[in-house]
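The file coords_10.cif comes next; it holds mmCIF, C-alpha atoms and all ligand atoms.
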```
data_input
#
loop_
_atom_site.group_PDB
_atom_site.id
_atom_site.type_symbol
_atom_site.label_atom_id
_atom_site.label_comp_id
_atom_site.auth_asym_id
_atom_site.auth_seq_id
_atom_site.Cartn_x
_atom_site.Cartn_y
_atom_site.Cartn_z
ATOM 1 C CA MET I 277 0.000 0.000 0.000
ATOM 2 C CA ALA I 278 2.829 2.356 0.873
ATOM 3 C CA ILE I 279 4.509 1.576 -2.443
ATOM 4 C CA VAL I 280 1.309 2.271 -4.344
ATOM 5 C CA ALA I 281 0.972 5.608 -2.554
ATOM 6 C CA ILE I 282 4.567 6.565 -3.348
ATOM 7 C CA LEU I 283 4.106 5.634 -6.998
ATOM 8 C CA ALA I 284 0.946 7.724 -7.169
ATOM 9 C CA VAL I 285 2.780 10.763 -5.793
ATOM 10 C CA ALA I 286 5.547 10.288 -8.317
ATOM 11 C CA ILE I 287 3.249 9.750 -11.309
ATOM 12 C CA VAL I 288 0.772 12.606 -10.848
ATOM 13 C CA PRO I 289 3.265 15.406 -11.635
ATOM 14 C CA VAL I 290 4.550 13.423 -14.637
ATOM 15 C CA ILE I 291 1.026 13.118 -16.035
ATOM 16 C CA ALA I 292 0.359 16.814 -15.380
ATOM 17 C CA SER I 293 3.595 17.737 -17.108
ATOM 18 C CA ALA I 294 2.849 15.503 -20.100
ATOM 19 C CA ARG I 295 -0.611 17.068 -20.400
ATOM 20 C CA GLN I 296 0.891 20.552 -20.282
ATOM 21 C CA ASN I 297 3.510 19.655 -22.885
ATOM 22 C CA ALA I 298 0.755 18.314 -25.152
ATOM 23 C CA ARG I 299 -1.169 21.576 -24.785
ATOM 24 C CA ILE I 300 1.931 23.620 -25.553
ATOM 25 C CA SER I 301 2.653 21.442 -28.569
ATOM 26 C CA LYS I 302 -0.888 21.920 -29.906
ATOM 27 C CA MET I 303 -0.678 25.680 -29.329
ATOM 28 C CA LEU I 304 2.583 25.861 -31.267
ATOM 29 C CA GLN I 305 0.944 24.000 -34.171
ATOM 30 C CA ILE I 306 -1.894 26.539 -34.226
ATOM 31 C CA MET I 307 0.667 29.333 -34.111
ATOM 32 C CA GLU I 308 2.493 27.880 -37.123
ATOM 33 C CA ALA I 309 -0.757 27.588 -39.103
ATOM 34 C CA LEU I 310 -1.651 31.199 -38.272
ATOM 35 C CA LYS I 311 1.829 32.419 -39.108
ATOM 36 C CA THR I 312 1.798 30.680 -42.495
ATOM 37 C CA ALA I 313 -1.637 32.133 -43.264
ATOM 38 C CA ALA I 314 -0.583 35.624 -42.150
ATOM 39 C CA VAL I 315 2.550 35.602 -44.309
ATOM 40 C CA LEU I 316 0.609 34.456 -47.403
ATOM 41 C CA PHE I 317 -2.071 37.079 -46.761
ATOM 42 C CA TYR I 318 0.578 39.782 -46.556
ATOM 43 C CA ALA I 319 2.284 38.543 -49.731
ATOM 44 C CA ASP I 320 -0.998 38.801 -51.672
ATOM 45 C CA THR I 321 -2.414 42.026 -50.237
ATOM 46 C CA GLY I 322 0.436 43.995 -48.662
ATOM 47 C CA GLN I 323 -1.697 44.232 -45.523
ATOM 48 C CA TYR I 324 -1.879 42.401 -42.226
ATOM 49 C CA GLY I 325 -4.635 39.826 -41.805
ATOM 50 C CA MET I 326 -6.798 39.245 -38.792
ATOM 51 C CA LEU I 327 -8.524 36.256 -37.226
ATOM 52 C CA THR I 328 -10.102 35.853 -33.830
ATOM 53 C CA THR I 329 -12.150 33.413 -31.794
ATOM 54 C CA LYS I 330 -14.068 36.314 -30.286
ATOM 55 C CA ASP I 331 -17.555 36.746 -31.721
ATOM 56 C CA ASN I 332 -18.040 40.086 -29.993
ATOM 57 C CA PHE I 333 -14.785 41.576 -31.258
ATOM 58 C CA ALA I 334 -15.298 44.117 -34.045
ATOM 59 C CA VAL I 335 -12.760 42.855 -36.559
ATOM 60 C CA ASN I 336 -12.703 41.253 -39.957
ATOM 61 C CA ASN I 337 -11.760 37.598 -40.068
ATOM 62 C CA ASN I 338 -10.163 38.348 -43.404
ATOM 63 C CA LEU I 339 -7.896 35.310 -43.493
ATOM 64 C CA LEU I 340 -11.151 33.438 -44.131
ATOM 65 C CA ALA I 341 -13.464 35.860 -45.915
ATOM 66 C CA ASP I 342 -12.788 38.380 -48.670
ATOM 67 C CA ASP I 343 -13.638 41.813 -47.305
ATOM 68 C CA GLY I 344 -12.656 43.629 -50.476
ATOM 69 C CA ILE I 345 -8.898 43.958 -50.018
ATOM 70 C CA THR I 346 -7.068 44.157 -53.356
ATOM 71 C CA GLY I 347 -5.139 40.987 -54.137
ATOM 72 C CA TRP I 348 -7.045 38.745 -51.717
ATOM 73 C CA ASP I 349 -6.691 35.160 -52.925
ATOM 74 C CA GLY I 350 -7.820 33.167 -49.920
ATOM 75 C CA PRO I 351 -9.126 31.650 -47.824
ATOM 76 C CA TYR I 352 -5.732 31.449 -46.155
ATOM 77 C CA ILE I 353 -6.853 29.135 -43.371
ATOM 78 C CA ASP I 354 -9.483 26.407 -43.509
ATOM 79 C CA ARG I 355 -11.830 27.612 -40.772
ATOM 80 C CA LYS I 356 -12.338 30.040 -37.969
ATOM 81 C CA PHE I 357 -10.778 28.976 -34.701
ATOM 82 C CA THR I 358 -12.986 28.485 -31.665
ATOM 83 C CA ALA I 359 -12.211 28.497 -27.959
ATOM 84 C CA ASP I 360 -11.977 24.691 -28.202
ATOM 85 C CA ASP I 361 -8.929 25.049 -30.436
ATOM 86 C CA ASN I 362 -6.982 26.643 -27.604
ATOM 87 C CA PRO I 363 -5.945 23.655 -25.472
ATOM 88 C CA PHE I 364 -5.763 26.011 -22.492
ATOM 89 C CA GLY I 365 -9.301 27.250 -23.255
ATOM 90 C CA SER I 366 -10.664 30.546 -24.505
ATOM 91 C CA ILE I 367 -9.109 33.144 -26.754
ATOM 92 C CA ILE I 368 -6.822 32.924 -29.773
ATOM 93 C CA THR I 369 -6.446 36.100 -31.819
ATOM 94 C CA LEU I 370 -4.221 37.080 -34.714
ATOM 95 C CA TYR I 371 -3.917 40.855 -34.378
ATOM 96 C CA LYS I 372 -3.007 43.133 -37.283
ATOM 97 C CA ALA I 373 -1.398 45.706 -35.011
ATOM 98 C CA TYR I 374 0.707 45.221 -31.890
ATOM 99 C CA PRO I 375 -1.686 44.968 -28.921
ATOM 100 C CA VAL I 376 1.183 45.512 -26.458
ATOM 101 C CA PRO I 377 4.663 47.068 -26.742
ATOM 102 C CA PHE I 378 7.436 44.708 -27.856
ATOM 103 C CA ASP I 379 11.208 44.526 -27.482
ATOM 104 C CA LEU I 380 11.891 42.246 -30.436
ATOM 105 C CA ASP I 381 15.696 42.304 -30.232
ATOM 106 C CA SER I 382 15.767 41.749 -26.451
ATOM 107 C CA ASP I 383 17.987 44.770 -25.741
ATOM 108 C CA GLY I 384 15.705 46.070 -22.995
ATOM 109 C CA ILE I 385 14.329 48.932 -25.108
ATOM 110 C CA GLN I 386 10.866 48.667 -26.623
ATOM 111 C CA ASP I 387 11.104 48.904 -30.398
ATOM 112 C CA ARG I 388 7.461 48.219 -31.289
ATOM 113 C CA GLY I 389 4.799 50.335 -29.675
ATOM 114 C CA MET I 390 1.123 49.556 -29.200
ATOM 115 C CA GLY I 391 -0.690 49.980 -32.512
ATOM 116 C CA PHE I 392 2.436 49.319 -34.605
ATOM 117 C CA PRO I 393 1.256 47.492 -37.754
ATOM 118 C CA GLY I 394 2.132 43.806 -37.760
ATOM 119 C CA ASN I 395 0.815 40.361 -36.962
ATOM 120 C CA VAL I 396 0.843 39.263 -33.341
ATOM 121 C CA ILE I 397 -0.796 36.101 -32.040
ATOM 122 C CA GLY I 398 -2.321 36.407 -28.585
ATOM 123 C CA PHE I 399 -3.739 33.513 -26.602
ATOM 124 C CA GLU I 400 -4.451 32.542 -23.033
ATOM 125 C CA VAL I 401 -2.644 29.930 -21.007
ATOM 126 C CA ASP I 402 -3.440 28.615 -17.560
ATOM 127 C CA SER I 403 -0.149 29.068 -15.729
ATOM 128 C CA GLN I 404 3.077 31.022 -15.623
ATOM 129 C CA GLU I 405 4.932 27.752 -16.114
ATOM 130 C CA ALA I 406 3.190 27.190 -19.456
ATOM 131 C CA ALA I 407 3.904 30.787 -20.503
ATOM 132 C CA GLN I 408 7.549 30.371 -19.522
ATOM 133 C CA LYS I 409 7.950 27.142 -21.479
ATOM 134 C CA ILE I 410 6.424 28.716 -24.591
ATOM 135 C CA ASP I 411 8.674 31.756 -24.196
ATOM 136 C CA GLN I 412 11.742 29.535 -23.922
ATOM 137 C CA ILE I 413 10.771 27.579 -27.046
ATOM 138 C CA ILE I 414 10.112 30.722 -29.104
ATOM 139 C CA ASP I 415 12.908 32.951 -27.847
ATOM 140 C CA GLN I 416 15.322 30.289 -26.599
ATOM 141 C CA ASP I 417 15.700 32.430 -23.519
ATOM 142 C CA GLY I 418 17.146 31.688 -20.149
ATOM 143 C CA ILE I 419 14.683 32.211 -17.332
ATOM 144 C CA SER I 420 16.477 35.089 -15.617
ATOM 145 C CA GLY I 421 16.128 38.790 -16.325
ATOM 146 C CA PHE I 422 13.252 40.271 -18.257
ATOM 147 C CA TRP I 423 12.636 37.381 -20.630
ATOM 148 C CA ARG I 424 8.901 37.682 -20.103
ATOM 149 C CA SER I 425 8.825 41.118 -21.741
ATOM 150 C CA ARG I 426 11.647 40.653 -24.241
ATOM 151 C CA GLY I 427 11.943 38.943 -27.598
ATOM 152 C CA ARG I 428 9.238 37.752 -29.984
ATOM 153 C CA CYS I 429 7.328 36.076 -27.159
ATOM 154 C CA GLN I 430 6.164 37.709 -23.971
ATOM 155 C CA TYR I 431 3.356 37.294 -21.507
ATOM 156 C CA ARG I 432 1.374 39.317 -19.041
ATOM 157 C CA LEU I 433 -1.714 38.967 -16.912
ATOM 158 C CA SER I 434 -4.749 39.197 -19.121
ATOM 159 C CA PHE I 435 -6.239 42.678 -19.299
ATOM 160 C CA ASP I 436 -9.228 41.178 -21.019
ATOM 161 C CA ILE I 437 -12.191 39.182 -19.816
ATOM 162 C CA PHE I 438 -10.288 36.749 -17.571
ATOM 163 C CA PRO I 439 -8.132 38.947 -15.342
ATOM 164 C CA GLN I 440 -6.647 36.004 -13.437
ATOM 165 C CA ARG I 441 -5.284 34.293 -16.541
ATOM 166 C CA LEU I 442 -2.096 34.807 -18.467
ATOM 167 C CA PHE I 443 -2.067 36.144 -21.976
ATOM 168 C CA VAL I 444 0.869 35.183 -24.190
ATOM 169 C CA PHE I 445 1.739 37.397 -27.158
ATOM 170 C CA ILE I 446 3.964 36.258 -30.017
ATOM 171 C CA ALA I 447 5.058 38.672 -32.727
ATOM 172 C CA VAL I 448 4.980 36.774 -36.005
ATOM 173 C CA TYR I 449 5.328 39.220 -38.871
ATOM 174 C CA ASP I 450 5.662 42.964 -39.316
ATOM 175 C CA ASN I 451 7.727 43.341 -42.518
ATOM 176 C CA GLN I 452 9.964 45.859 -40.751
ATOM 177 C CA PRO I 453 13.706 45.610 -40.098
HETATM 178 CA CA CA I 501 14.647 46.537 -28.496
HETATM 179 CA CA CA I 502 10.610 36.336 -24.372
#
```

Could you write out this structure as structure tokens?
Amino acid sequence: MAIVAILAVAIVPVIASARQNARISKMLQIMEALKTAAVLFYADTGQYGMLTTKDNFAVNNNLLADDGITGWDGPYIDRKFTADDNPFGSIITLYKAYPVPFDLDSDGIQDRGMGFPGNVIGFEVDSQEAAQKIDQIIDQDGISGFWRSRGRCQYRLSFDIFPQRLFVFIAVYDNQP
């Protein structure tokens, strides 16, 4: 009985970690699909596309539907994402302007302000650990310093509808040096 209990204690964190890694892996796949679509959209139209899971968000889902932009040759992605596509639950949005300031070259100085034109993927995760792992994969950062607000990937507490959750932002494409 004692052995069974010890095994259970040892296995639970392993299962939790495997589940988290699977969620991160799925999120990275979604990010790649969005990035590919965003780059193709830009190549055809010279503009930044947009896609969101939010029904109440006043944007065009123009990776999917032609809203009259010259050169549009989509759809660039096969369907609209839903909250179920985010393995952590809730929002995935491809923004066409930076929703937060970015320090893309990690020198400690913000070089992309809010509203700067470009594609940024934002999505929610359920823990700082998940956000940190994603940041490390994207930016290949160490965990010290200001990694969470530097590089292509950063995170912050959600300012949106779930104030207790973490929102991860990944800059994918802005066609600027
Ligand atoms: Ca910088
Ligand atoms: Ca980072």

Hey, which bits of chain I sit within 9 Å of ligand CA 501 (chain I), and for each residue what's the closest pair of atoms and how far apart in Å (one decimal), counting all atoms listed in the file, rows by chain and increasing number, as a Markdown table?
```
| residue | atom | partner | partner_atom | distance |
| --- | --- | --- | --- | --- |
| I:Phe378 | CA | I:CA501 | CA | 7.5 |
| I:Asp379 | CA | I:CA501 | CA | 4.1 |
| I:Leu380 | CA | I:CA501 | CA | 5.5 |
| I:Asp381 | CA | I:CA501 | CA | 4.7 |
| I:Ser382 | CA | I:CA501 | CA | 5.3 |
| I:Asp383 | CA | I:CA501 | CA | 4.7 |
| I:Gly384 | CA | I:CA501 | CA | 5.6 |
| I:Ile385 | CA | I:CA501 | CA | 4.2 |
| I:Gln386 | CA | I:CA501 | CA | 4.7 |
| I:Asp387 | CA | I:CA501 | CA | 4.7 |
| I:Arg388 | CA | I:CA501 | CA | 7.9 |
| I:Arg426 | CA | I:CA501 | CA | 7.9 |
| I:Gly427 | CA | I:CA501 | CA | 8.1 |
```

Notebook entry, point to check: Near I:Gln323, counting all atoms listed in the file, which residues have an atom at most 9 Å away, once you skip same-chain residues fewer than 6 positions from it, shown as an NGL selection string?
Noted result: :I and (317 or 345 or 372 or 393-394)

Margin query: Around ligand CA 502 (chain I), which protein and nucleic acid residues have at least one atom no more than 6 Å from it, if we count only C-alpha atoms and all ligand atoms? List them as JSON, numbers by chain.
Written below: {"I": [411, 415, 423, 424, 425, 426, 427, 428, 429, 430]}

Item checked: Contacts of I:Thr358 at 8 Å (only C-alpha atoms; same-chain gap of 5+ positions) as an MDAnalysis selection string -> chainID I and resid 329 366:368

Mind dumping the selected residues with C-alpha atoms as a PDB file, in the frame of the given file?
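Final output, saved to out.pdb:
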```pdb
ATOM      1  CA  THR I 329     -12.150  33.413 -31.794  1.00  0.00           C
ATOM      2  CA  SER I 366     -10.664  30.546 -24.505  1.00  0.00           C
ATOM      3  CA  ILE I 367      -9.109  33.144 -26.754  1.00  0.00           C
ATOM      4  CA  ILE I 368      -6.822  32.924 -29.773  1.00  0.00           C
TER       5      ILE I 368
END
```

Checklist line | d(atom CA of I:Pro377, atom CA of I:Leu316) in Å | finding: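 According to the coordinates, atom CA of I:Pro377 and atom CA of I:Leu316 are separated by 24.5 Å.
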
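The gap separating atom CA of I:Pro375 from atom CA of I:Glu308 is 19.4 Å, in Å to one decimal.
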
Residues in the PyMOL selection byres (((chain I and resi 404) around 12) and not hetatm), expressed as a CSV table (one decimal) with C-alpha atoms, keeping the file's coordinate frame:
```csv
chain,number,residue,atom,x,y,z
I,296,GLN,CA,0.9,20.6,-20.3
I,400,GLU,CA,-4.5,32.5,-23.0
I,401,VAL,CA,-2.6,29.9,-21.0
I,402,ASP,CA,-3.4,28.6,-17.6
I,403,SER,CA,-0.1,29.1,-15.7
I,405,GLU,CA,4.9,27.8,-16.1
I,406,ALA,CA,3.2,27.2,-19.5
I,407,ALA,CA,3.9,30.8,-20.5
I,408,GLN,CA,7.5,30.4,-19.5
I,409,LYS,CA,8.0,27.1,-21.5
I,410,ILE,CA,6.4,28.7,-24.6
I,411,ASP,CA,8.7,31.8,-24.2
I,419,ILE,CA,14.7,32.2,-17.3
I,424,ARG,CA,8.9,37.7,-20.1
I,430,GLN,CA,6.2,37.7,-24.0
I,431,TYR,CA,3.4,37.3,-21.5
I,432,ARG,CA,1.4,39.3,-19.0
I,433,LEU,CA,-1.7,39.0,-16.9
I,434,SER,CA,-4.7,39.2,-19.1
I,440,GLN,CA,-6.6,36.0,-13.4
I,441,ARG,CA,-5.3,34.3,-16.5
I,442,LEU,CA,-2.1,34.8,-18.5
I,443,PHE,CA,-2.1,36.1,-22.0
I,444,VAL,CA,0.9,35.2,-24.2
```

Check: Do you have the atom CA of I:Gly389-atom CA of I:Asn362 distance handy?
Finding: 26.5 Å

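For the choices I:Gln305, I:Gln412, I:Thr346, I:Asn337, the atom-to-atom distance to I:Asp320 is smallest for I:Thr346 when using all atoms listed in the file.
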
Margin query: With the PyMOL selection byres (((chain I and resi 448-453) around 9) and not hetatm) as the selection, what would be picked from this file? Answer as an MDAnalysis selection string, please.
Written below: chainID I and resid 307 310:311 314:315 318 324 372:373 392:397 428 446:447

Create the file for the chosen residues now, containing C-alpha atoms and written as a PDB file, in the frame of the given file.
```
ATOM      1  CA  MET I 307       0.667  29.333 -34.111  1.00  0.00           C
ATOM      2  CA  LEU I 310      -1.651  31.199 -38.272  1.00  0.00           C
ATOM      3  CA  LYS I 311       1.829  32.419 -39.108  1.00  0.00           C
ATOM      4  CA  ALA I 314      -0.583  35.624 -42.150  1.00  0.00           C
ATOM      5  CA  VAL I 315       2.550  35.602 -44.309  1.00  0.00           C
ATOM      6  CA  TYR I 318       0.578  39.782 -46.556  1.00  0.00           C
ATOM      7  CA  TYR I 324      -1.879  42.401 -42.226  1.00  0.00           C
ATOM      8  CA  LYS I 372      -3.007  43.133 -37.283  1.00  0.00           C
ATOM      9  CA  ALA I 373      -1.398  45.706 -35.011  1.00  0.00           C
ATOM     10  CA  PHE I 392       2.436  49.319 -34.605  1.00  0.00           C
ATOM     11  CA  PRO I 393       1.256  47.492 -37.754  1.00  0.00           C
ATOM     12  CA  GLY I 394       2.132  43.806 -37.760  1.00  0.00           C
ATOM     13  CA  ASN I 395       0.815  40.361 -36.962  1.00  0.00           C
ATOM     14  CA  VAL I 396       0.843  39.263 -33.341  1.00  0.00           C
ATOM     15  CA  ILE I 397      -0.796  36.101 -32.040  1.00  0.00           C
ATOM     16  CA  ARG I 428       9.238  37.752 -29.984  1.00  0.00           C
ATOM     17  CA  ILE I 446       3.964  36.258 -30.017  1.00  0.00           C
ATOM     18  CA  ALA I 447       5.058  38.672 -32.727  1.00  0.00           C
TER      19      ALA I 447
END
```

Checklist line | Near-I:Pro351 list (8 Å; all atoms listed in the file; drop same-chain fewer than 4 positions) as JSON, numbers by chain | finding: {"I": [339, 340, 341, 342]}

Checklist line | Residue nearest I:Thr321 - candidates I:Ile306, I:Ser301, I:Gly347, I:Asn338, atoms counted: only C-alpha atoms | finding: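 Among the listed residues, I:Gly347 lies closest to I:Thr321.
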
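Between I:Thr312 and the residues I:Gly325, I:Tyr371, I:Phe445, I:Gly391, the shortest atom-to-atom distance, using all atoms listed in the file, involves I:Gly325.
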
Note to self: For a quick check of understanding, using all atoms listed in the file, which of I:Val376, I:Asp361, I:Thr369, I:Lys356 has the smallest distance to I:Arg299?
What the structure shows: I:Asp361

Next item on the list: Rank nothing, just name the residue among I:Ile287, I:Ala292, I:Leu370, I:Arg355 nearest to I:Gly398, using all atoms listed in the file.
Entry: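 Smallest distance to I:Gly398 is found for I:Leu370.
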